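Chemist: Okay, handing you the structure first.
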Amino acid sequence: MNDSFINQGPAVMDPNFINKHLDEVLSNTRIDQELYYNYNVKRGLRNPDGSGVLVGLTQVGAVTGYGMFEQELQPVPGKLMYRGIEIRDLVKGFQAEKRFGFEETCFLLLFGHLPTREELDEFCNVLDSVRPLPLGFKESAILHMPSPNVMNKLARCVLANYSFDENPDDVSVGNVLRQSLELIARLPTYAVYGCQAKAHYYGGKSLHMRVPKKGLSTAEHILCLLRPYSDYTQLEAELLDLCLVIHAEHGGGNNSTFTTHVVSSTFTDTYSAIAAAILSLKGPRHGGANIQVANMMDNIKENVANWEDKGAIKDYLAKILNKEAYDKKGLIYGLGHAVYKISDPRAEVLYEKAKQLVAEHPEYEKEFHLYENVAEIGRDLFMEKTKSSRRICINVDFYSGLVYKMLDIPPDLFTPLFAIGRMPGWCAHRLEELNSNSKIIRPAYKCVVHPKQYVPMEER
């Protein structure tokens, strides 16, 4: 091959080609909205009443935000179950014993029951033993190809495991379980190292990548790698641990977990399925929502001079809802949820723990009260605007960004932390998909274009 071709710089596409054909693409990718109703299409796999279309069964987790009463959808207080155990009970259990809970949660999701003390110790030792990255992985998969987005870096690191795995394509339960444990153990390191590589190569900052210590919980491991002197308080580690626990599972129907089921149903390798889930979670409609909340709150802080003035807050939130301020989409991010209608249990347990951290870091007290006021006033405004008698709930994304800020975690890691927490849930659902003799997931799409005749070149 010609050396000049190999050594030339990155190719640049002629923008005129895109502009020339843009209108054609726009017109040929837009479906008439009435057709969805004519053909009774369940858009977003949702029924007309907002409930999800039943497409599968699972033993891993359950999300409840509404029930059917007298053939009508009725909101109920939100419940989140991990293998049949309510999230509030799980959190109360390990917190009452002054223990970290993420490893116990991983065991529960993967194996279906709460571990004994001996089983938990053995499980933690296994995660500890596979946490170190393979020789050369950091250099080849992270440093030699840094990314401006850490979620893309996470997906790339997961895919890179294929090259370091001697048996990557075996989809037997034992082999997939081994791969799952390695990913659960290593994803935090991928995320922190990927964030530090971005800060160095794209932000011009000094590169500091610490060697993991043994015997740490996942939350402690993250803070140890991330903090300049690897120092953190017990409460900080407990709060980060809680964030991981409440993100660990959310039923089979959320977009990234459903993606795991869809891709796993093809019997492809674990790394391909999990990378697909990560890239699904990256989307601002899914795991990227906490960044949207943080950006919106920054905008509110810039435009509301007195953070204690509820009248000024209400006026500005009204402008946001009326598409006159912030991103002009008419949304107050962090309020409302597709399933939870009355309450999001994850937001409730996170809020209570966050209040404890505010007491330890009083410099965040004023900002925390602003969040509380925005949540309270925003929910009232939604009721006024929609003329509804029901207040929408505060979802987990509303407070998670502030919590990460109080933990001095950079925004680049907000969504990756969601992925780290969700990894055991994805792995449990993948194992279930592979072991349940399910069919390849292949829903129907109806083509609505009219038949056309092929036209010879000289007649076009």
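Every chain in the structure tokens takes a letter, A first, then B, and so on in the order presented; its residues are numbered from 1, and the ligands are numbered from 1 following the presented order.
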Considering only C-alpha atoms, give me a table of residues in segment 417-448 of chain A that are at most 10 Å from segment 176-183 of chain A, with the closest atom pair and distance in Å for each, as a tab-separated table.
Modeler:
```
residue	atom	partner	partner_atom	distance
A:Ile420	CA	A:Leu183	CA	9.2
A:Met423	CA	A:Leu183	CA	7.7
A:Pro424	CA	A:Ser180	CA	7.6
A:Trp426	CA	A:Ser180	CA	9.1
A:Cys427	CA	A:Ser180	CA	5.8
A:Ala428	CA	A:Ser180	CA	8.5
A:Arg430	CA	A:Val176	CA	8.6
A:Leu431	CA	A:Val176	CA	7.1
A:Leu434	CA	A:Val176	CA	9.3
```
Chemist: Write the selection just made, keeping all heavy atoms, as a compact mmCIF listing (two decimals), in the first residue's frame?
Modeler:
```txt
# COMPACT_ATOMS: atom_id res chain seq x y z
N ILE A 420 -20.95 1.68 36.99
CA ILE A 420 -20.28 0.82 37.97
C ILE A 420 -21.32 0.18 38.89
O ILE A 420 -21.26 -1.03 39.17
CB ILE A 420 -19.27 1.64 38.79
CG1 ILE A 420 -18.10 2.08 37.90
CG2 ILE A 420 -18.73 0.82 39.97
CD1 ILE A 420 -17.21 3.13 38.54
N MET A 423 -23.52 -2.52 36.97
CA MET A 423 -22.86 -3.69 36.39
C MET A 423 -23.37 -5.02 36.94
O MET A 423 -23.65 -5.95 36.17
CB MET A 423 -21.34 -3.59 36.58
CG MET A 423 -20.56 -4.76 35.99
SD MET A 423 -20.76 -4.92 34.20
CE MET A 423 -19.69 -3.60 33.65
N PRO A 424 -23.53 -5.20 38.26
CA PRO A 424 -24.03 -6.50 38.74
C PRO A 424 -25.43 -6.81 38.25
O PRO A 424 -25.76 -7.98 37.99
CB PRO A 424 -23.97 -6.37 40.27
CG PRO A 424 -23.96 -4.91 40.55
CD PRO A 424 -23.21 -4.30 39.41
N TRP A 426 -26.76 -5.79 35.32
CA TRP A 426 -26.61 -6.21 33.93
C TRP A 426 -26.13 -7.66 33.84
O TRP A 426 -26.65 -8.45 33.05
CB TRP A 426 -25.60 -5.31 33.21
CG TRP A 426 -26.07 -3.92 32.94
CD1 TRP A 426 -27.35 -3.48 32.80
CD2 TRP A 426 -25.24 -2.76 32.76
NE1 TRP A 426 -27.38 -2.13 32.54
CE2 TRP A 426 -26.10 -1.66 32.51
CE3 TRP A 426 -23.87 -2.55 32.78
CZ2 TRP A 426 -25.61 -0.37 32.29
CZ3 TRP A 426 -23.39 -1.27 32.56
CH2 TRP A 426 -24.24 -0.19 32.31
N CYS A 427 -25.14 -7.99 34.64
CA CYS A 427 -24.56 -9.34 34.59
C CYS A 427 -25.58 -10.38 35.03
O CYS A 427 -25.67 -11.47 34.43
CB CYS A 427 -23.31 -9.42 35.48
SG CYS A 427 -21.92 -8.44 34.85
N ALA A 428 -26.37 -10.07 36.06
CA ALA A 428 -27.39 -11.01 36.52
C ALA A 428 -28.44 -11.22 35.43
O ALA A 428 -28.90 -12.36 35.20
CB ALA A 428 -28.05 -10.48 37.79
N ARG A 430 -27.96 -10.84 32.19
CA ARG A 430 -27.34 -11.58 31.09
C ARG A 430 -27.34 -13.08 31.39
O ARG A 430 -27.67 -13.90 30.54
CB ARG A 430 -25.92 -11.08 30.84
CG ARG A 430 -25.15 -11.94 29.83
CD ARG A 430 -23.86 -11.30 29.36
NE ARG A 430 -23.01 -12.25 28.65
CZ ARG A 430 -23.20 -12.62 27.37
NH1 ARG A 430 -24.23 -12.14 26.70
NH2 ARG A 430 -22.39 -13.48 26.80
N LEU A 431 -26.95 -13.44 32.62
CA LEU A 431 -26.95 -14.85 33.00
C LEU A 431 -28.36 -15.44 32.88
O LEU A 431 -28.53 -16.58 32.43
CB LEU A 431 -26.43 -14.99 34.43
CG LEU A 431 -24.92 -14.78 34.60
CD1 LEU A 431 -24.58 -14.53 36.06
CD2 LEU A 431 -24.16 -16.00 34.08
N LEU A 434 -29.26 -15.97 29.14
CA LEU A 434 -28.54 -17.09 28.53
C LEU A 434 -29.04 -18.44 29.06
O LEU A 434 -28.98 -19.45 28.35
CB LEU A 434 -27.04 -16.97 28.80
CG LEU A 434 -26.32 -15.78 28.16
CD1 LEU A 434 -24.88 -15.69 28.65
CD2 LEU A 434 -26.35 -15.88 26.64
```
Chemist: Please, which residues of segment 164-283 of chain A, numbered as in this document, come out helix (DSSP H, G or I) from DSSP, as a ChimeraX atom specification?
Modeler: /A:164,173-201,218-226,234-246,255-264,270-281
Chemist: Between atom CA of Glu24 of chain A and atom CA of Val455 of chain A, what is the distance, to one decimal in Å?
Modeler: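 Separation of atom CA of Glu24 of chain A and atom CA of Val455 of chain A: 18.2 Å.
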Chemist: So which one's closest to Phe418 of chain A, A:Pro188, A:Pro77, A:Gly330, A:Pro451? Using only C-alpha atoms, please.
Modeler: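 So, comparing all the options, the nearest one is A:Pro188.
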Chemist: One number please: atom CA of Gly44 of chain A to atom CA of Asn254 of chain A, in Å, one decimal.
Modeler: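 A separation of 10.9 Å between them.
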Chemist: So which residues touch Asp231 of chain A within 12 Å, counting only C-alpha atoms, skipping near sequence neighbours fewer than 3 positions away, as an NGL selection string?
Modeler: :A and (220-228 or 234 or 236-237 or 407-408)
Chemist: Nearest to Cys393 of chain A: which of A:Ala155, A:Val192, A:Val126, A:Ala347 is it, counting only C-alpha atoms?
Modeler: A:Ala347
Chemist: Looking at A:Ala419, A:Met13, A:Ala338, A:Cys447, which one is nearest to Gly65 of chain A, with distances taken over only C-alpha atoms?
Modeler: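 The closest residue to Gly65 of chain A is A:Ala338.
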Chemist: Quick one: residues within 8 Å of segment 120-123 of chain A, only C-alpha atoms counted, chain neighbours fewer than 3 positions away excluded, as a ChimeraX atom specification?
Modeler: /A:103-104,107,115-117,126-127
Chemist: Which residues are close to His286 of chain A, i.e. within 9 Å by only C-alpha atoms, leaving aside same-chain residues fewer than 5 positions away? Reply as a list in words.
Modeler: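 Surrounding residues, per the criterion: Asn254, Asn255, Ser256, Ser280 and Leu281 of chain A.
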Chemist: With distances taken over only C-alpha atoms, which of A:Leu45, A:Leu417, A:Val293, A:Met81 is nearest to Ala219 of chain A?
Modeler: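 Closest to Ala219 of chain A of all the choices is A:Leu417.
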Chemist: For Asn373 of chain A, find every residue with an atom within 10 Å (counting only C-alpha atoms), except residues of its own chain fewer than 4 positions away, and show them as JSON, numbers by chain.
Modeler: {"A": [307, 308, 309, 310, 313, 314, 367, 368, 369, 377, 378, 379]}
Chemist: Selection from above, C-alpha atoms, as a PDB file, in the first residue's frame, can you write it?
Modeler:
```pdb
ATOM      1  CA  TRP A 307     -31.082  31.102  46.868  1.00  0.00           C
ATOM      2  CA  GLU A 308     -33.412  31.408  49.859  1.00  0.00           C
ATOM      3  CA  ASP A 309     -35.961  33.535  47.967  1.00  0.00           C
ATOM      4  CA  LYS A 310     -38.693  31.038  47.098  1.00  0.00           C
ATOM      5  CA  ILE A 313     -36.981  30.485  42.490  1.00  0.00           C
ATOM      6  CA  LYS A 314     -40.603  29.965  41.485  1.00  0.00           C
ATOM      7  CA  GLU A 367     -26.800  24.725  48.017  1.00  0.00           C
ATOM      8  CA  PHE A 368     -28.544  21.681  49.507  1.00  0.00           C
ATOM      9  CA  HIS A 369     -31.437  23.898  50.634  1.00  0.00           C
ATOM     10  CA  ILE A 377     -41.545  24.402  44.126  1.00  0.00           C
ATOM     11  CA  GLY A 378     -40.976  22.533  40.859  1.00  0.00           C
ATOM     12  CA  ARG A 379     -43.417  19.808  41.808  1.00  0.00           C
TER      13      ARG A 379
END
```
Chemist: Ranking A:Arg422, A:Lys355, A:Lys213, A:Lys153 by minimum distance to Gln196 of chain A and counting only C-alpha atoms, which one comes first?
Modeler: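 Among the listed residues, the smallest separation from Gln196 of chain A belongs to A:Lys153.
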Chemist: Restricting the calculation to only C-alpha atoms, which member of A:Leu133, A:Leu402, A:Val449, A:Met145 is positioned closest to Ala185 of chain A?
Modeler: A:Leu133
